[in-house]
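Have a look at the structure below before the remarks.
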Protein chains: 2
Amino acid sequence: MNDKDKIKKSRRGSGAITLRDVAKLAGVAPITASRAVNSPGQVSAEVLRRVQDAVQRTGYVPNRVAGGLASSRSRLIAAVVPSIVVSVFVEMIETLNNTLFDAGYQLMLGQTGYSAVREEALLEAIIGRRPDGIFLTGIMLSARGRTRLLASGIPVIETWDLTPTPIDMLIGFSHADIGRTVADFLMSKGRRRLALVRSGDERANRRAIAFSEAVAQRGLGEVCIVNVGDARSLKSGREALRRILAQVPDVDAVFCSSDLLAMGVMTEAQAQNMPVPQRLAIVGFGDVPYVADMVPALTTVHINGREIGEQAARFLVDRAEGRTVDRPIIDIGFSIIERDST
Amino acid sequence: MNDKDKIKKSRRGSGAITLRDVAKLAGVAPITASRAVNSPGQVSAEVLRRVQDAVQRTGYVPNRVAGGLASSRSRLIAAVVPSIVVSVFVEMIETLNNTLFDAGYQLMLGQTGYSAVREEALLEAIIGRRPDGIFLTGIMLSARGRTRLLASGIPVIETWDLTPTPIDMLIGFSHADIGRTVADFLMSKGRRRLALVRSGDERANRRAIAFSEAVAQRGLGEVCIVNVGDARSLKSGREALRRILAQVPDVDAVFCSSDLLAMGVMTEAQAQNMPVPQRLAIVGFGDVPYVADMVPALTTVHINGREIGEQAARFLVDRAEGRTVDRPIIDIGFSIIERDST
DNA sequence: TTGAAAGCGCTAACAA
DNA sequence: TTGTTAGCGCTTTCAA
C-alpha cells in the first residue's frame, strides 16, 4: 500500500494525522476506522488488522476534542479545590484523579484560593469546557453558582460537608458533630480549660461553634478561640498557642483546625517546656500521614479523603455513562484517632 | 422580542444554549455574535448591546470544546506529576495552575505514580486532548515518550532536572551539584561520618552518587546509603536512621532525599536522645514551608518550586500564543538554607 | 462592520 | 459488517 503519500494537508487544522488519513490508508470508510479503534468487536478481523496497521504506521492519536464534540461526551471531569497546598485535600484529589483515569477520564483542576471572585471565574471556565462531571470541595454556597451549575445540566458532586439541599450528589460529614465530639472527648479525659485554633473558613467556623457550645453546656465557661485566617502554617500554630497562653495561662487542651496547626502548637509547647500531653493535650484535624509517627504521636480527627475521592469518582463516572446513582448522598463520618498527644 | 421560544432542539447535541440561539435572539449572524463575545471591539455598540442582552437572558456559556476544535487552540495545558502527595511538587503545581488560569488556560492534571506504564497511558490520553502545551515533572527518559511528544508538535517543558538534550523547553537544576554541595557543606562543618537517606527515584540516585564521590574525594570512606524506595514518609525516615546506626554507630551527619524523611530522622534522633545538631547534623531536601518553624529548624536544600511553576506557565503560554521563547533552557539553581539542624 | 460558506475531526443515525 | 450523510458548535476565510 503505497498510497500513504496521498495524504494532503488542508489549509486549516493542526496538520496532524486524522482518522481520515488512517481510513484511507486502510482502505475503509472513516466510520469503519473509528469503530476499529473504539469498539474493535464491531469490526471484521481483516479490517481490524488493516486499521491497526495503519494506526501503527502513521502514529495516529485520536482527537478526543473532536470526538467529544460529536458525541457530547468529553470524558473530562473538573475538580474545584480551595488549594492543593492544603494537605488535607491532597490525598482526596490524588485518589479522585487516579480512579477517574483508570475509568478513562481526565481530571481538570481548578483552585479557588478561597476566593469567591476566582470561584466564579473558575465555574465559567469549567462549564465552558462541558465536562462530564464536576467535583466540588465543599458546598456551593453562592446562589449564582448553584443556579449556573443547575442550569448547565452537568452532574455535580459536593463533598467535605453536609447540607439538606445539595445541588445533586453529596459525600461529606458533619463539622458540628466533630466540634461536639472532640469537646466531649477532651472533657472526658478530664480537661477543663479548653482552647481552639481555627482557620478562617466556614467549615472551621462550624466546628468551633459546636465545640464551644459543648463546653458551655458542661459549665466550663468560654472557650478561648484564636482565628489564624488563611495562614495554615506551623508558624501560625506556634503564634496561636502564645496568644492563648497570654489569655488563659492554665489552658490544658487545644483543638486545632488542621494537623499542621496542631504541629505548630506542639512545637511551641515543647519550646516552652510544657509537656504534651501531661500539661497540654492537643488534637489535630485531617490525620495527614506523618502525624502518626511524630513524638508524641498526634491525636487527630481522621477524615477518609481517599474514600471520598474514590466514591466521588465512581458516582461521577456512573452518571457520565448514563447510569443512575441510587443513594447519591452519603455521610462518610469521621473518627478520632487517639494517640499520645491527649 | 418574543421569538425566544423559537429555539428548537435537534435530536443530537447536548440541548444547551448555543451561539446560534444567542445570534437569533439578537438578530445577527452567528459569526457576529461570536465576535461580540470574543472581541467586542470589532463590533458596533448597538450589536454589542443586543448580543450581551441575549447572552444575559439565555445564560449562554460558550462551548470551548467546539471553539477549540475550530481554531485548533484548546486553551488547555497538561501537567504530568509523579504524585501530588509529594509535597515538594505541590507549590510548583499550584503556581503553575494559578498562573495559567490568569492567562485564560485550564490545567489538566495527570499523575504517573512513578510508573512507566501509567506514564505511557497518560501521554496517550494527554496528546489525544490536543492541549496547547505539556508540562513534565522531570525529564522524559523513555525514547517512545520522547518520540510521541516530538511527533505531536505540542510545546513541551521539562522541569526539575537538567539535560543536554531536552525535548523542547527546560527549567531545572543539577542534582549532582546538590549532592556535591551538601557533602562539602557538611564536611566544612567538621562532620566526618556521613550517611544518606534516599528515595528510589533516578534524581535522588544522582544526588546520592555525587554526594558519595565528594566524600570519597576527601578520603572519608564509604557513605552509608539507605534507600527507602517509594516510601516517602516520616516513618521510613525513622527506620532509616535506625538502620544507619546499626551500621555506623558514630554517624554524625545525614542528608535526606526529602524534608519529610529528614523529619523522620530528626524524630528518631530525638527518640534516641541524640541531640541535633550536636551529635547529629541533618539536611533535608525541598524546603517545604513548615520545616523552618520546627525545633530545631531544619537545614535544607531550597528549590524554588513556585518560580519553576510560574516561569513554565509563562513559557507555555508564550508558545501557545505563537510567540517564540528566546532562552527556553534555564538552570534555576538551588540553595542550602542553613538553620539549626546543622 | 457584517455576513455566507466551509470546514475543524469526529460520531450518531440511518441505510444497505 | 460496512458505509453514507449529516451534523456537534464554533471559527477561519473570503467577500460585501
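Chain labels run A, B, ... following the order of the C-alpha cells; each chain numbers its residues from 1, and ligands are numbered from 1 in the order shown.
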Using all C-alpha atoms paired in order, least-squares fit chain B onto chain A and give me the moved copy as a tab-separated table (two decimals) with C-alpha atoms, in the first residue's frame.
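Result file superposed07.tsv:
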chain	number	residue	atom	x	y	z
B	1	MET	CA	0.43	0.42	-0.10
B	2	ASN	CA	2.36	3.38	-1.25
B	3	ASP	CA	-0.55	5.80	-1.22
B	4	LYS	CA	0.71	6.99	2.11
B	5	ASP	CA	1.95	10.21	0.57
B	6	LYS	CA	-1.41	11.08	-0.90
B	7	ILE	CA	-2.26	12.69	2.42
B	8	LYS	CA	-2.80	16.32	1.76
B	9	LYS	CA	-2.75	19.10	4.23
B	10	SER	CA	-5.66	21.48	4.20
B	11	ARG	CA	-5.12	25.10	4.99
B	12	ARG	CA	-6.92	24.75	8.32
B	13	GLY	CA	-6.49	22.28	11.11
B	14	SER	CA	-3.48	21.19	13.05
B	15	GLY	CA	-1.89	19.19	10.25
B	16	ALA	CA	-1.89	16.09	12.42
B	17	ILE	CA	-2.85	12.62	11.26
B	18	THR	CA	-6.61	12.20	11.31
B	19	LEU	CA	-8.97	9.30	11.20
B	20	ARG	CA	-9.50	10.01	7.50
B	21	ASP	CA	-5.83	9.49	6.82
B	22	VAL	CA	-5.92	6.18	8.64
B	23	ALA	CA	-9.08	5.12	6.84
B	24	LYS	CA	-7.63	5.99	3.47
B	25	LEU	CA	-4.50	4.01	4.21
B	26	ALA	CA	-6.54	1.03	5.35
B	27	GLY	CA	-8.87	1.31	2.40
B	28	VAL	CA	-12.06	1.70	4.45
B	29	ALA	CA	-14.51	4.48	5.25
B	30	PRO	CA	-13.71	6.80	8.16
B	31	ILE	CA	-16.58	5.47	10.20
B	32	THR	CA	-15.26	1.94	9.80
B	33	ALA	CA	-11.86	3.04	10.97
B	34	SER	CA	-13.55	4.72	13.91
B	35	ARG	CA	-15.27	1.48	14.84
B	36	ALA	CA	-12.05	-0.49	14.49
B	37	VAL	CA	-10.38	1.90	16.93
B	38	ASN	CA	-13.20	2.32	19.44
B	39	SER	CA	-15.16	-0.93	19.35
B	40	PRO	CA	-13.00	-3.55	17.65
B	41	GLY	CA	-15.66	-6.18	18.19
B	42	GLN	CA	-17.94	-4.56	15.63
B	43	VAL	CA	-15.53	-5.04	12.79
B	44	SER	CA	-14.21	-7.97	10.74
B	45	ALA	CA	-10.82	-9.40	11.58
B	46	GLU	CA	-9.40	-8.36	8.24
B	47	VAL	CA	-10.52	-4.75	8.56
B	48	LEU	CA	-9.29	-4.63	12.14
B	49	ARG	CA	-5.86	-5.80	11.06
B	50	ARG	CA	-5.62	-3.27	8.27
B	51	VAL	CA	-6.75	-0.38	10.43
B	52	GLN	CA	-4.43	-1.30	13.29
B	53	ASP	CA	-1.61	-1.52	10.82
B	54	ALA	CA	-2.44	1.93	9.48
B	55	VAL	CA	-2.60	3.33	13.03
B	56	GLN	CA	0.81	1.87	13.74
B	57	ARG	CA	2.37	3.24	10.60
B	58	THR	CA	0.98	6.72	10.96
B	59	GLY	CA	1.25	7.04	14.72
B	60	TYR	CA	-2.36	8.14	14.81
B	61	VAL	CA	-3.73	9.38	18.13
B	62	PRO	CA	-7.53	9.94	18.10
B	63	ASN	CA	-8.57	13.53	18.65
B	64	ARG	CA	-10.78	13.36	21.72
B	65	VAL	CA	-11.80	16.98	21.36
B	66	ALA	CA	-13.50	16.26	18.06
B	67	GLY	CA	-14.89	13.00	19.40
B	68	GLY	CA	-16.23	14.80	22.41
B	69	LEU	CA	-17.91	17.43	20.33
B	70	ALA	CA	-19.61	14.86	18.15
B	71	SER	CA	-20.75	12.65	20.99
B	72	SER	CA	-21.31	15.32	23.68
B	73	ARG	CA	-19.12	13.30	25.99
B	74	SER	CA	-15.84	14.93	26.87
B	75	ARG	CA	-14.53	12.25	29.23
B	76	LEU	CA	-13.27	15.14	31.30
B	77	ILE	CA	-14.15	15.69	34.95
B	78	ALA	CA	-13.48	19.03	36.61
B	79	ALA	CA	-12.45	19.34	40.24
B	80	VAL	CA	-12.63	22.53	42.28
B	81	VAL	CA	-10.34	22.67	45.31
B	82	PRO	CA	-9.54	25.60	47.59
B	83	SER	CA	-5.84	24.81	47.28
B	84	ILE	CA	-3.80	21.69	46.74
B	85	VAL	CA	-1.23	23.04	49.17
B	86	VAL	CA	-3.68	22.26	51.96
B	87	SER	CA	-2.54	18.72	52.58
B	88	VAL	CA	-5.84	17.50	53.90
B	89	PHE	CA	-7.26	17.68	50.36
B	90	VAL	CA	-4.30	16.19	48.57
B	91	GLU	CA	-4.96	12.50	49.12
B	92	MET	CA	-8.59	12.98	48.14
B	93	ILE	CA	-7.60	14.63	44.87
B	94	GLU	CA	-4.95	12.03	44.17
B	95	THR	CA	-7.41	9.20	44.59
B	96	LEU	CA	-10.09	11.00	42.62
B	97	ASN	CA	-7.62	11.55	39.80
B	98	ASN	CA	-6.37	7.99	39.74
B	99	THR	CA	-9.79	6.38	39.94
B	100	LEU	CA	-11.06	8.59	37.13
B	101	PHE	CA	-8.04	7.88	34.99
B	102	ASP	CA	-8.51	4.14	35.34
B	103	ALA	CA	-12.09	4.60	34.13
B	104	GLY	CA	-10.88	6.52	31.09
B	105	TYR	CA	-11.46	10.04	32.35
B	106	GLN	CA	-9.08	12.96	32.69
B	107	LEU	CA	-9.14	15.42	35.57
B	108	MET	CA	-9.17	19.17	35.08
B	109	LEU	CA	-8.04	20.94	38.21
B	110	GLY	CA	-9.17	24.35	39.40
B	111	GLN	CA	-8.15	26.18	42.56
B	112	THR	CA	-10.23	28.91	44.13
B	113	GLY	CA	-7.65	30.01	46.69
B	114	TYR	CA	-10.69	30.47	48.96
B	115	SER	CA	-11.71	33.44	46.79
B	116	ALA	CA	-15.29	33.93	45.64
B	117	VAL	CA	-14.29	35.96	42.60
B	118	ARG	CA	-11.95	33.26	41.49
B	119	GLU	CA	-14.54	30.60	42.08
B	120	GLU	CA	-16.97	32.44	39.84
B	121	ALA	CA	-14.44	32.70	37.00
B	122	LEU	CA	-13.45	29.09	37.50
B	123	LEU	CA	-17.03	27.93	37.21
B	124	GLU	CA	-17.43	29.74	33.93
B	125	ALA	CA	-14.23	28.23	32.56
B	126	ILE	CA	-15.26	24.79	33.70
B	127	ILE	CA	-18.79	24.86	32.32
B	128	GLY	CA	-17.40	26.17	29.03
B	129	ARG	CA	-15.38	23.00	28.70
B	130	ARG	CA	-18.51	20.87	29.07
B	131	PRO	CA	-17.00	18.28	31.42
B	132	ASP	CA	-18.98	15.11	32.08
B	133	GLY	CA	-18.98	15.86	35.79
B	134	ILE	CA	-17.92	18.42	38.37
B	135	PHE	CA	-16.35	17.68	41.74
B	136	LEU	CA	-16.65	20.41	44.35
B	137	THR	CA	-14.66	20.58	47.57
B	138	GLY	CA	-17.23	21.85	50.01
B	139	ILE	CA	-20.77	23.02	49.40
B	140	MET	CA	-21.55	25.61	46.74
B	141	LEU	CA	-22.80	28.45	48.86
B	142	SER	CA	-23.21	31.18	46.26
B	143	ALA	CA	-26.71	31.28	44.78
B	144	ARG	CA	-25.36	32.32	41.40
B	145	GLY	CA	-22.99	29.37	41.40
B	146	ARG	CA	-25.77	26.96	42.27
B	147	THR	CA	-27.98	28.33	39.53
B	148	ARG	CA	-25.28	28.07	36.91
B	149	LEU	CA	-24.40	24.54	37.88
B	150	LEU	CA	-28.02	23.50	37.88
B	151	ALA	CA	-28.59	25.17	34.51
B	152	SER	CA	-25.56	23.48	33.00
B	153	GLY	CA	-27.12	20.07	33.49
B	154	ILE	CA	-23.73	18.62	34.36
B	155	PRO	CA	-23.61	16.06	37.19
B	156	VAL	CA	-22.17	17.68	40.30
B	157	ILE	CA	-20.83	16.20	43.50
B	158	GLU	CA	-20.34	18.33	46.58
B	159	THR	CA	-18.06	16.98	49.29
B	160	TRP	CA	-16.45	17.54	52.63
B	161	ASP	CA	-19.61	18.83	54.26
B	162	LEU	CA	-23.29	18.06	54.71
B	163	THR	CA	-26.34	20.05	53.66
B	164	PRO	CA	-30.05	19.32	53.38
B	165	THR	CA	-30.09	20.97	49.95
B	166	PRO	CA	-27.27	19.61	47.80
B	167	ILE	CA	-27.17	20.60	44.14
B	168	ASP	CA	-27.00	16.98	43.11
B	169	MET	CA	-24.77	14.35	44.75
B	170	LEU	CA	-23.01	14.67	48.08
B	171	ILE	CA	-20.34	12.91	50.14
B	172	GLY	CA	-19.47	14.59	53.39
B	173	PHE	CA	-19.56	14.65	57.15
B	174	SER	CA	-20.81	16.93	59.90
B	175	HIS	CA	-18.47	19.61	61.11
B	176	ALA	CA	-20.73	20.43	64.04
B	177	ASP	CA	-20.59	16.79	65.13
B	178	ILE	CA	-16.83	16.94	65.03
B	179	GLY	CA	-16.67	20.06	67.19
B	180	ARG	CA	-19.00	18.52	69.74
B	181	THR	CA	-17.33	15.12	69.74
B	182	VAL	CA	-13.85	16.50	70.22
B	183	ALA	CA	-15.01	18.74	73.07
B	184	ASP	CA	-16.67	15.78	74.79
B	185	PHE	CA	-13.62	13.65	74.20
B	186	LEU	CA	-11.30	16.19	75.83
B	187	MET	CA	-13.62	16.84	78.76
B	188	SER	CA	-13.98	13.10	79.35
B	189	LYS	CA	-10.20	13.04	79.70
B	190	GLY	CA	-10.52	15.51	82.55
B	191	ARG	CA	-9.52	18.62	80.62
B	192	ARG	CA	-11.19	21.75	81.92
B	193	ARG	CA	-9.59	24.77	80.26
B	194	LEU	CA	-10.16	24.24	76.56
B	195	ALA	CA	-8.97	26.41	73.68
B	196	LEU	CA	-9.31	26.24	69.93
B	197	VAL	CA	-7.14	27.32	67.01
B	198	ARG	CA	-9.04	27.71	63.76
B	199	SER	CA	-8.52	28.76	60.17
B	200	GLY	CA	-10.78	31.34	58.61
B	201	ASP	CA	-13.09	29.18	56.56
B	202	GLU	CA	-16.75	28.47	57.12
B	203	ARG	CA	-16.35	24.81	58.00
B	204	ALA	CA	-13.77	25.55	60.67
B	205	ASN	CA	-16.21	28.11	62.00
B	206	ARG	CA	-18.92	25.51	62.43
B	207	ARG	CA	-16.58	23.15	64.23
B	208	ALA	CA	-15.57	25.99	66.53
B	209	ILE	CA	-19.14	26.96	67.38
B	210	ALA	CA	-20.19	23.40	68.19
B	211	PHE	CA	-17.02	22.93	70.24
B	212	SER	CA	-17.74	26.05	72.30
B	213	GLU	CA	-21.36	25.11	72.84
B	214	ALA	CA	-20.47	21.65	74.10
B	215	VAL	CA	-18.01	23.19	76.54
B	216	ALA	CA	-20.52	25.80	77.69
B	217	GLN	CA	-23.11	23.08	78.29
B	218	ARG	CA	-20.83	21.49	80.82
B	219	GLY	CA	-20.43	24.84	82.54
B	220	LEU	CA	-16.75	25.22	81.77
B	221	GLY	CA	-17.08	28.80	80.56
B	222	GLU	CA	-15.88	30.53	77.44
B	223	VAL	CA	-13.51	28.77	75.08
B	224	CYS	CA	-10.55	30.87	74.01
B	225	ILE	CA	-10.60	30.86	70.20
B	226	VAL	CA	-7.75	32.05	68.01
B	227	ASN	CA	-8.55	32.57	64.33
B	228	VAL	CA	-5.42	32.37	62.19
B	229	GLY	CA	-7.27	33.19	58.94
B	230	ASP	CA	-5.66	31.92	55.79
B	231	ALA	CA	-2.35	31.10	57.39
B	232	ARG	CA	-2.36	27.35	57.73
B	233	SER	CA	1.28	27.05	58.67
B	234	LEU	CA	3.19	25.54	61.52
B	235	LYS	CA	4.33	29.02	62.44
B	236	SER	CA	0.82	30.32	62.92
B	237	GLY	CA	0.16	27.38	65.23
B	238	ARG	CA	3.10	28.44	67.35
B	239	GLU	CA	1.91	32.03	67.48
B	240	ALA	CA	-1.61	30.89	68.28
B	241	LEU	CA	-0.47	29.01	71.38
B	242	ARG	CA	1.41	32.05	72.57
B	243	ARG	CA	-1.73	34.13	72.20
B	244	ILE	CA	-3.77	31.54	74.06
B	245	LEU	CA	-1.28	31.40	76.91
B	246	ALA	CA	-1.42	35.17	77.23
B	247	GLN	CA	-5.15	34.95	77.82
B	248	VAL	CA	-5.54	31.59	79.53
B	249	PRO	CA	-2.26	30.66	81.22
B	250	ASP	CA	-3.72	27.47	82.66
B	251	VAL	CA	-5.07	26.13	79.35
B	252	ASP	CA	-4.90	22.32	79.33
B	253	ALA	CA	-6.24	21.32	75.88
B	254	VAL	CA	-6.24	22.75	72.36
B	255	PHE	CA	-8.26	21.60	69.35
B	256	CYS	CA	-6.73	22.75	66.06
B	257	SER	CA	-8.26	23.24	62.62
B	258	SER	CA	-5.52	21.28	60.92
B	259	ASP	CA	-2.74	18.90	61.74
B	260	LEU	CA	-0.21	21.48	60.68
B	261	LEU	CA	-1.56	24.01	63.17
B	262	ALA	CA	-1.50	21.25	65.78
B	263	MET	CA	2.14	20.58	65.00
B	264	GLY	CA	2.78	24.26	65.50
B	265	VAL	CA	1.06	24.24	68.87
B	266	MET	CA	3.03	21.16	69.83
B	267	THR	CA	6.29	22.73	68.73
B	268	GLU	CA	5.59	25.84	70.76
B	269	ALA	CA	4.57	23.78	73.78
B	270	GLN	CA	7.88	21.93	73.61
B	271	ALA	CA	9.75	25.19	73.18
B	272	GLN	CA	8.02	26.50	76.33
B	273	ASN	CA	8.69	23.32	78.28
B	274	MET	CA	5.06	22.39	78.56
B	275	PRO	CA	4.95	18.60	78.45
B	276	VAL	CA	2.45	17.11	75.99
B	277	PRO	CA	0.08	15.54	76.96
B	278	GLN	CA	0.66	15.95	80.72
B	279	ARG	CA	0.39	19.71	80.82
B	280	LEU	CA	-1.34	20.26	77.46
B	281	ALA	CA	-3.49	17.96	75.34
B	282	ILE	CA	-3.54	18.61	71.59
B	283	VAL	CA	-5.99	17.40	68.94
B	284	GLY	CA	-5.46	17.98	65.23
B	285	PHE	CA	-7.70	17.67	62.20
B	286	GLY	CA	-7.16	15.70	59.01
B	287	ASP	CA	-4.84	12.87	60.03
B	288	VAL	CA	-2.25	13.55	57.37
B	289	PRO	CA	0.14	10.60	57.06
B	290	TYR	CA	3.09	11.78	59.10
B	291	VAL	CA	1.36	12.84	62.32
B	292	ALA	CA	1.13	9.21	63.42
B	293	ASP	CA	4.90	8.97	63.64
B	294	MET	CA	5.73	12.15	65.45
B	295	VAL	CA	6.85	12.16	69.06
B	296	PRO	CA	4.44	12.45	70.73
B	297	ALA	CA	2.12	11.00	68.09
B	298	LEU	CA	-0.76	13.35	67.42
B	299	THR	CA	-4.33	12.61	68.36
B	300	THR	CA	-6.44	13.85	65.49
B	301	VAL	CA	-9.75	13.72	63.66
B	302	HIS	CA	-9.46	11.30	60.81
B	303	ILE	CA	-11.26	12.10	57.56
B	304	ASN	CA	-11.10	9.39	54.93
B	305	GLY	CA	-10.12	11.59	52.01
B	306	ARG	CA	-9.20	8.62	49.84
B	307	GLU	CA	-12.66	7.16	50.23
B	308	ILE	CA	-14.31	10.46	49.41
B	309	GLY	CA	-12.19	10.73	46.28
B	310	GLU	CA	-12.83	7.18	45.17
B	311	GLN	CA	-16.53	7.17	45.87
B	312	ALA	CA	-16.98	10.53	44.18
B	313	ALA	CA	-15.15	9.27	41.11
B	314	ARG	CA	-17.43	6.25	40.96
B	315	PHE	CA	-20.56	8.37	41.27
B	316	LEU	CA	-19.40	10.79	38.61
B	317	VAL	CA	-18.43	8.06	36.18
B	318	ASP	CA	-21.74	6.27	36.73
B	319	ARG	CA	-23.65	9.42	35.94
B	320	ALA	CA	-21.42	10.27	32.99
B	321	GLU	CA	-22.21	6.89	31.50
B	322	GLY	CA	-25.91	7.34	31.91
B	323	ARG	CA	-26.40	5.13	34.95
B	324	THR	CA	-28.41	6.47	37.85
B	325	VAL	CA	-26.85	6.56	41.28
B	326	ASP	CA	-29.40	5.35	43.79
B	327	ARG	CA	-28.13	6.70	47.12
B	328	PRO	CA	-26.09	9.69	46.00
B	329	ILE	CA	-26.00	11.38	49.40
B	330	ILE	CA	-23.54	9.89	51.85
B	331	ASP	CA	-22.45	10.86	55.33
B	332	ILE	CA	-19.01	9.35	55.43
B	333	GLY	CA	-18.43	10.23	59.07
B	334	PHE	CA	-15.13	10.78	60.86
B	335	SER	CA	-13.25	9.30	63.76
B	336	ILE	CA	-11.00	10.46	66.52
B	337	ILE	CA	-7.68	8.66	66.33
B	338	GLU	CA	-6.38	8.65	69.86
B	339	ARG	CA	-2.62	8.81	70.12
B	340	ASP	CA	-0.11	10.17	72.58
B	341	SER	CA	-0.90	13.88	72.51
B	342	THR	CA	-4.03	13.55	74.67
Note to self: Please check the contacts: residues of chain D at most 10 Å away from chain A, using only C-alpha atoms (C1' of nucleotides), listed as a VMD selection string.
What the structure shows: chain D and resid 1 to 4 7 to 9 12 to 13
With N, CA and C atoms (P, O5', C5', C4', C3', O3' and C1' of nucleotides) retained, write the just-selected residues as an mmCIF file, in the first residue's frame.
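out_21.cif written:
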data_model
loop_
_atom_site.group_PDB
_atom_site.id
_atom_site.type_symbol
_atom_site.label_atom_id
_atom_site.label_comp_id
_atom_site.auth_asym_id
_atom_site.auth_seq_id
_atom_site.Cartn_x
_atom_site.Cartn_y
_atom_site.Cartn_z
ATOM 1 P P DT D 1 -20.154 -8.567 13.023
ATOM 2 O "O5'" DT D 1 -19.617 -7.715 11.800
ATOM 3 C "C5'" DT D 1 -18.841 -8.353 10.825
ATOM 4 C "C4'" DT D 1 -18.961 -7.522 9.608
ATOM 5 C "C3'" DT D 1 -18.148 -6.230 9.637
ATOM 6 O "O3'" DT D 1 -17.300 -6.239 8.496
ATOM 7 C "C1'" DT D 1 -20.385 -5.792 8.959
ATOM 8 P P DT D 2 -16.208 -5.197 8.202
ATOM 9 O "O5'" DT D 2 -17.015 -4.041 7.490
ATOM 10 C "C5'" DT D 2 -17.237 -4.113 6.082
ATOM 11 C "C4'" DT D 2 -18.102 -2.959 5.656
ATOM 12 C "C3'" DT D 2 -17.453 -1.586 5.807
ATOM 13 O "O3'" DT D 2 -17.066 -1.167 4.509
ATOM 14 C "C1'" DT D 2 -19.785 -1.582 6.355
ATOM 15 P P DG D 3 -16.387 0.220 4.245
ATOM 16 O "O5'" DG D 3 -17.672 1.119 3.977
ATOM 17 C "C5'" DG D 3 -18.566 0.731 2.931
ATOM 18 C "C4'" DG D 3 -19.717 1.697 2.885
ATOM 19 C "C3'" DG D 3 -19.284 3.166 2.849
ATOM 20 O "O3'" DG D 3 -19.905 3.773 1.720
ATOM 21 C "C1'" DG D 3 -20.953 2.822 4.505
ATOM 22 P P DT D 4 -19.453 5.166 1.213
ATOM 23 O "O5'" DT D 4 -20.798 5.999 1.390
ATOM 24 C "C5'" DT D 4 -22.064 5.408 1.101
ATOM 25 C "C4'" DT D 4 -23.166 6.365 1.525
ATOM 26 C "C3'" DT D 4 -22.817 7.849 1.350
ATOM 27 O "O3'" DT D 4 -23.927 8.498 0.737
ATOM 28 C "C1'" DT D 4 -23.442 7.425 3.614
ATOM 29 P P DG D 7 -28.227 18.005 9.238
ATOM 30 O "O5'" DG D 7 -26.774 18.699 9.140
ATOM 31 C "C5'" DG D 7 -26.222 19.375 10.273
ATOM 32 C "C4'" DG D 7 -26.152 18.462 11.469
ATOM 33 C "C3'" DG D 7 -25.449 19.127 12.633
ATOM 34 O "O3'" DG D 7 -26.181 18.955 13.816
ATOM 35 C "C1'" DG D 7 -24.238 17.179 11.929
ATOM 36 P P DC D 8 -26.294 20.114 14.865
ATOM 37 O "O5'" DC D 8 -25.139 19.780 15.914
ATOM 38 C "C5'" DC D 8 -25.237 18.704 16.814
ATOM 39 C "C4'" DC D 8 -23.956 18.638 17.624
ATOM 40 C "C3'" DC D 8 -23.402 19.992 18.026
ATOM 41 O "O3'" DC D 8 -23.772 20.211 19.382
ATOM 42 C "C1'" DC D 8 -21.674 18.576 17.085
ATOM 43 P P DG D 9 -24.669 21.490 19.788
ATOM 44 O "O5'" DG D 9 -23.619 22.691 19.713
ATOM 45 C "C5'" DG D 9 -22.537 22.739 20.617
ATOM 46 C "C4'" DG D 9 -21.516 23.710 20.088
ATOM 47 C "C3'" DG D 9 -22.044 25.121 19.836
ATOM 48 O "O3'" DG D 9 -21.194 26.012 20.519
ATOM 49 C "C1'" DG D 9 -20.838 24.349 17.978
ATOM 50 P P DT D 12 -10.379 31.779 14.391
ATOM 51 O "O5'" DT D 12 -9.971 31.494 12.866
ATOM 52 C "C5'" DT D 12 -9.526 30.194 12.459
ATOM 53 C "C4'" DT D 12 -9.755 30.047 10.971
ATOM 54 C "C3'" DT D 12 -9.198 31.211 10.144
ATOM 55 O "O3'" DT D 12 -8.328 30.684 9.152
ATOM 56 C "C1'" DT D 12 -11.455 30.753 9.558
ATOM 57 P P DT D 13 -7.471 31.658 8.249
ATOM 58 O "O5'" DT D 13 -8.360 31.816 6.929
ATOM 59 C "C5'" DT D 13 -8.877 30.657 6.277
ATOM 60 C "C4'" DT D 13 -9.848 31.099 5.201
ATOM 61 C "C3'" DT D 13 -9.381 32.332 4.414
ATOM 62 O "O3'" DT D 13 -9.372 31.981 3.040
ATOM 63 C "C1'" DT D 13 -11.639 32.558 5.102
#
Can you build me a table of chain C residues sitting at most 9 Å from chain B, with the closest atom pair per residue and its distance in Å to one decimal, using only C-alpha atoms (C1' of nucleotides), sorted by chain and residue number, as CSV?
residue,atom,partner,partner_atom,distance
C:DT1,C1',B:Val43,CA,6.4
C:DT2,C1',B:Thr32,CA,6.9
C:DG3,C1',B:Ala29,CA,6.6
C:DG7,C1',B:Ala70,CA,8.1
C:DC8,C1',B:Ala70,CA,4.4
C:DG9,C1',B:Leu69,CA,7.8
C:DA12,C1',B:Arg12,CA,7.4
Next item on the list: Could you give me the residues within range 160-299 of chain A that DSSP places in alpha helix (DSSP H), as a ChimeraX atom specification?
Entry: /A:175-188,202-217,234-247,259-271
Check: Using the chain letters and numbers from this document, which residues of range 122-300 of chain A does DSSP assign to strand (DSSP E), as an MDAnalysis selection string?
Finding: chainID A and resid 133:137 156:159 169:172 194:198 224:227 253:256 281:286 299:300
